[in-house]
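Working notes, structure below.
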Amino acid sequence: MHKLVFLAAAGLFLAGCATPSQNASPGAIENNDPYENTNRAIFEFNLKVDSLALKPTAESYSTYVPEGVRDALRNLEENLDRPVVLANDLLQGEGRRAGQSAGRFLLNSTFGLAGLFDVASRVGIASHDEDFGQTLAVWGVGEGPYLVLPLLGPSNPRDAAGSAVDVALDPTVYISIKHHTFWIIGRQYMRIVDARARNLELLADIERDSLDFYATTRSLYRQHRASEIRNGKPPPEQQNGATNLP
Amino acid sequence: MTIHPNRSFSAFALPLVLVAALVLTLGLAARPALAASPAEQFVADNVQRAMGILNNTQLAKEQRKTEFRDFLLGLTDIRAIGQYTLGQYRRGASPDELAAFDATFKEYAMAVYQSYFAKYTGQTLQVTGSYALGGEETIVKTVVVDPKKPSPKPLEVNFRVQNNGGKFVVVDFSVEGVWIRELERNDFTSYLGQNGGDLKALVAVLKRKTAQYR
């Protein structure tokens with residue numbers, strides 16, 4: 001629940017202090033980024049945190065923890081995530097994908113020894129992600145303005161609210177064990193470090209190739225989210241015909 | 001109390017069998033049989049050739065680079081991609097500025113795209129389907145398959161292919177839903193926005209970026 005409280009606080013903070021920039025760039029409307037100045041400042045802050053804390057941790061993790069252990073931990077995390085994905089599959093009316101999530105969870109929780117081994121992939125059941133931000137999008141909720149959240153990175157009001165609901169949808173949050181909060185925070189931390197470790201080279205390349213890393217990251221996030229929401233289906237504007245050069 | 005070995009086995013095996021049966025019913029949907037369209041065939045053939053060049057260890061590194069560059073140039077409409085990335089700034093530019101940009105963008109794009117494709121050395125791209133857009137364009141969908149380490153979530157790479165009177169060219173490609181042409185347009189127009197739309201400044205910075213690859 002801590003993440004939920006944090007997200008709500010972050011949302012209030014942003015709503016309170018971020019007013020549309022007076023000298024916003026001409027692309028502000030096209031890029032859906034009315035708070036660009038504030039977003040850029042938070043982006044710079046996040047980059048500093050990344051270079052001082054997250055990146056070095058991710059580098060050590062990828063250097064010192066053997067690949068097999070990293071794979072097993074990732075499988076475990078992916079398996080623990082399936083109930084939330086399944087709930088969102090169902091909320092979106094995606095029966096076939098819900099079947100895949102349920103199948104993966106059942107198979108990997110049993111034959112995969114509580115999720116340490118990914119048996120489901122070996123029999124051809126691929127994994128996919130789904131979250132409540134995507135569910136809201138499928139239900140017709142607009143993304144709202146592009147936001148960069150402190151420590152959490154690129155987002156928008158819809159996706160931030162979605163993350164909070166995903167925490168509430170996660171059954172593991174309700175298991176009462178000793179040091180419960182410690183486990184929840186530890187799991188989130190591992191997830192972030194692992195994701196950073198897997199993208200060390202990719203993010204370094206993108207930063208190297210781009211002229212404006214902020215604008216490139218914004219485009220990456222918005223395009224990737226739009227594609228995730230469509231689950232790989234063609235975008236509506238492409239279904240009606242080609243989009244030609246301007 | 002003693003546990004009968006057979007009973008303990010069946011108590012363990014039955015739920016597993018049930019789980020397996022349920023999983024097979026739920027998760028494994030029949031895969032549609034695909035007859036490759038000409039656009040799909042074009043992508044499949046050329047991916048094969050691209051991988052062939054990248055995996056050809058008999059060529060010296062420089063030779064491999066040149067060969068791959070020529071191959072990519074013959075395959076893509078690099079000028080159209082470049083012009084697209086300028087967005088609204090294309091209209092105000094002089095023909096000389098545009099010509100300088102075209103030449104610089106070509107070198108930049110070749111260096112960057114080559115570095116992207118080199119990451120897939122040793123892996124294969126499998127065509128999974130396609131859908132038609134208007135105007136003789138098709139999106140061909142592929143996934144990256146690593147024969148050494150299958151991934152539960154294979155990377156999706158798509159190609160936007162244009163049929164120019166029987167000759168196919170690639171006009172855009174995407175990785176995990178992110179289209180390169182759009183990404184570069186966002187990057188370049190943001191840079192131009194901060195530099196008063198100065199195309200010369202853009203050309204200079206692209207040359208610097210390209211030099212990093214040499």
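How things are named: the first chain in the structure tokens is A, the next is B, and so on; residues count from 1 in each chain; ligands count from 1 in the order shown.
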
For this session: From a DSSP pass on the backbone, collect the residues of stretch 87-205 of chain B flagged as strand (DSSP E) and hand them back as an MDAnalysis selection string.
Result: chainID B and resid 124:132 137:145 156:164 167:175 178:179

Atoms to include: N, CA, C and O atoms. Write the selected residues as a compact mmCIF listing (two decimals), in the first residue's frame.
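Written output follows (result_23.txt):
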# COMPACT_ATOMS: atom_id res chain seq x y z
N THR B 124 17.75 -15.24 -34.86
CA THR B 124 16.99 -15.21 -36.11
C THR B 124 15.70 -14.43 -35.92
O THR B 124 15.16 -14.36 -34.82
N LEU B 125 15.24 -13.86 -37.01
CA LEU B 125 13.95 -13.17 -36.99
C LEU B 125 12.94 -14.06 -37.71
O LEU B 125 13.19 -14.52 -38.81
N GLN B 126 11.83 -14.31 -37.02
CA GLN B 126 10.81 -15.18 -37.60
C GLN B 126 9.60 -14.34 -37.99
O GLN B 126 9.05 -13.64 -37.14
N VAL B 127 9.21 -14.43 -39.25
CA VAL B 127 8.03 -13.68 -39.70
C VAL B 127 6.78 -14.34 -39.10
O VAL B 127 6.59 -15.55 -39.20
N THR B 128 5.94 -13.52 -38.43
CA THR B 128 4.75 -14.09 -37.79
C THR B 128 3.45 -13.66 -38.46
O THR B 128 2.39 -14.15 -38.12
N GLY B 129 3.53 -12.72 -39.42
CA GLY B 129 2.31 -12.29 -40.09
C GLY B 129 2.47 -10.90 -40.66
O GLY B 129 3.56 -10.33 -40.60
N SER B 130 1.39 -10.37 -41.21
CA SER B 130 1.46 -9.03 -41.77
C SER B 130 0.06 -8.47 -41.89
O SER B 130 -0.92 -9.21 -41.82
N TYR B 131 -0.03 -7.15 -42.01
CA TYR B 131 -1.32 -6.55 -42.35
C TYR B 131 -1.10 -5.40 -43.32
O TYR B 131 -0.07 -4.73 -43.27
N ALA B 132 -2.08 -5.21 -44.19
CA ALA B 132 -1.93 -4.21 -45.25
C ALA B 132 -2.36 -2.84 -44.76
O ALA B 132 -3.31 -2.72 -43.98
N GLU B 137 1.33 -0.16 -48.94
CA GLU B 137 2.21 -0.41 -47.80
C GLU B 137 1.71 -1.57 -46.95
O GLU B 137 0.50 -1.79 -46.83
N THR B 138 2.66 -2.30 -46.39
CA THR B 138 2.34 -3.46 -45.56
C THR B 138 3.20 -3.43 -44.31
O THR B 138 4.37 -3.05 -44.38
N ILE B 139 2.63 -3.81 -43.19
CA ILE B 139 3.44 -4.01 -41.98
C ILE B 139 3.71 -5.51 -41.87
O ILE B 139 2.77 -6.31 -41.84
N VAL B 140 4.99 -5.88 -41.86
CA VAL B 140 5.35 -7.29 -41.69
C VAL B 140 5.84 -7.47 -40.25
O VAL B 140 6.74 -6.77 -39.80
N LYS B 141 5.21 -8.40 -39.54
CA LYS B 141 5.53 -8.61 -38.13
C LYS B 141 6.52 -9.77 -37.96
O LYS B 141 6.37 -10.82 -38.60
N THR B 142 7.52 -9.56 -37.11
CA THR B 142 8.48 -10.63 -36.84
C THR B 142 8.79 -10.68 -35.34
O THR B 142 8.53 -9.72 -34.63
N VAL B 143 9.33 -11.81 -34.90
CA VAL B 143 9.85 -11.89 -33.53
C VAL B 143 11.31 -12.36 -33.59
O VAL B 143 11.68 -13.11 -34.48
N VAL B 144 12.09 -11.87 -32.63
CA VAL B 144 13.49 -12.27 -32.56
C VAL B 144 13.58 -13.57 -31.76
O VAL B 144 13.07 -13.65 -30.65
N VAL B 145 14.18 -14.58 -32.36
CA VAL B 145 14.30 -15.86 -31.68
C VAL B 145 15.78 -16.15 -31.43
O VAL B 145 16.58 -16.13 -32.35
N GLU B 156 9.52 -8.13 -30.30
CA GLU B 156 8.78 -7.95 -31.55
C GLU B 156 9.43 -6.87 -32.40
O GLU B 156 9.62 -5.75 -31.94
N VAL B 157 9.78 -7.23 -33.63
CA VAL B 157 10.36 -6.27 -34.57
C VAL B 157 9.47 -6.26 -35.81
O VAL B 157 9.21 -7.31 -36.40
N ASN B 158 8.96 -5.09 -36.17
CA ASN B 158 8.08 -4.99 -37.33
C ASN B 158 8.71 -4.11 -38.40
O ASN B 158 9.47 -3.20 -38.10
N PHE B 159 8.35 -4.40 -39.66
CA PHE B 159 8.89 -3.62 -40.79
C PHE B 159 7.72 -3.03 -41.57
O PHE B 159 6.75 -3.73 -41.85
N ARG B 160 7.86 -1.76 -41.92
CA ARG B 160 6.87 -1.14 -42.78
C ARG B 160 7.44 -1.16 -44.19
O ARG B 160 8.46 -0.52 -44.47
N VAL B 161 6.78 -1.89 -45.07
CA VAL B 161 7.33 -2.17 -46.40
C VAL B 161 6.44 -1.51 -47.45
O VAL B 161 5.22 -1.57 -47.37
N GLN B 162 7.10 -0.86 -48.43
CA GLN B 162 6.35 -0.20 -49.50
C GLN B 162 6.62 -0.91 -50.83
O GLN B 162 7.77 -1.23 -51.12
N ASN B 163 5.57 -1.12 -51.59
CA ASN B 163 5.72 -1.76 -52.88
C ASN B 163 5.77 -0.68 -53.96
O ASN B 163 4.76 -0.08 -54.30
N ASN B 164 6.99 -0.42 -54.46
CA ASN B 164 7.15 0.60 -55.51
C ASN B 164 7.15 -0.07 -56.87
O ASN B 164 8.19 -0.37 -57.42
N LYS B 167 8.94 -3.41 -56.72
CA LYS B 167 10.18 -3.43 -55.92
C LYS B 167 9.83 -2.98 -54.49
O LYS B 167 9.29 -1.90 -54.28
N PHE B 168 10.17 -3.84 -53.55
CA PHE B 168 9.85 -3.51 -52.16
C PHE B 168 10.99 -2.70 -51.53
O PHE B 168 12.16 -2.95 -51.79
N VAL B 169 10.60 -1.73 -50.71
CA VAL B 169 11.60 -1.02 -49.87
C VAL B 169 11.05 -0.90 -48.45
O VAL B 169 9.83 -0.85 -48.25
N VAL B 170 11.97 -0.87 -47.47
CA VAL B 170 11.57 -0.68 -46.08
C VAL B 170 11.54 0.82 -45.81
O VAL B 170 12.52 1.52 -46.07
N VAL B 171 10.40 1.32 -45.32
CA VAL B 171 10.32 2.76 -45.04
C VAL B 171 10.32 3.05 -43.54
O VAL B 171 10.38 4.21 -43.13
N ASP B 172 10.26 2.02 -42.71
CA ASP B 172 10.28 2.21 -41.26
C ASP B 172 10.37 0.84 -40.59
O ASP B 172 10.01 -0.17 -41.20
N PHE B 173 10.91 0.81 -39.38
CA PHE B 173 10.86 -0.44 -38.62
C PHE B 173 10.67 -0.12 -37.14
O PHE B 173 10.95 0.99 -36.69
N SER B 174 10.12 -1.08 -36.41
CA SER B 174 9.86 -0.83 -34.98
C SER B 174 10.40 -1.97 -34.14
O SER B 174 10.50 -3.11 -34.58
N VAL B 175 10.78 -1.64 -32.92
CA VAL B 175 11.17 -2.64 -31.92
C VAL B 175 10.24 -2.44 -30.73
O VAL B 175 10.14 -1.33 -30.21
N VAL B 178 7.97 0.56 -30.89
CA VAL B 178 8.55 1.89 -31.04
C VAL B 178 9.11 2.02 -32.46
O VAL B 178 10.07 1.33 -32.82
N TRP B 179 8.50 2.90 -33.26
CA TRP B 179 8.92 3.08 -34.66
C TRP B 179 10.07 4.07 -34.72
O TRP B 179 10.01 5.15 -34.15

For this session: Find the residues around stretch 69-82 of chain B up to 9 Å (only C-alpha atoms counted), leave out those fewer than 5 positions away in its own chain, and share them as a ChimeraX atom specification.
Result: /A:245 /B:46,49-50,64,101-103,105-106,109-111,113-114,161,168-172,181,184-185

For this session: Might you pull out every residue within 12 Å of A:Arg198, with only C-alpha atoms counted and same-chain residues fewer than 3 positions away left off, and present them as a list in words?
Result: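 With the cut-off at 12 Å, the set is Lys55, Ala58, Glu59, Tyr61, Ser62, Thr63, Glu67, Arg70, Asp71, Arg74, Arg191, Ile192, Val193, Asp194, Ala195, Glu201, Leu202, Leu203 and Ala204 of chain A.
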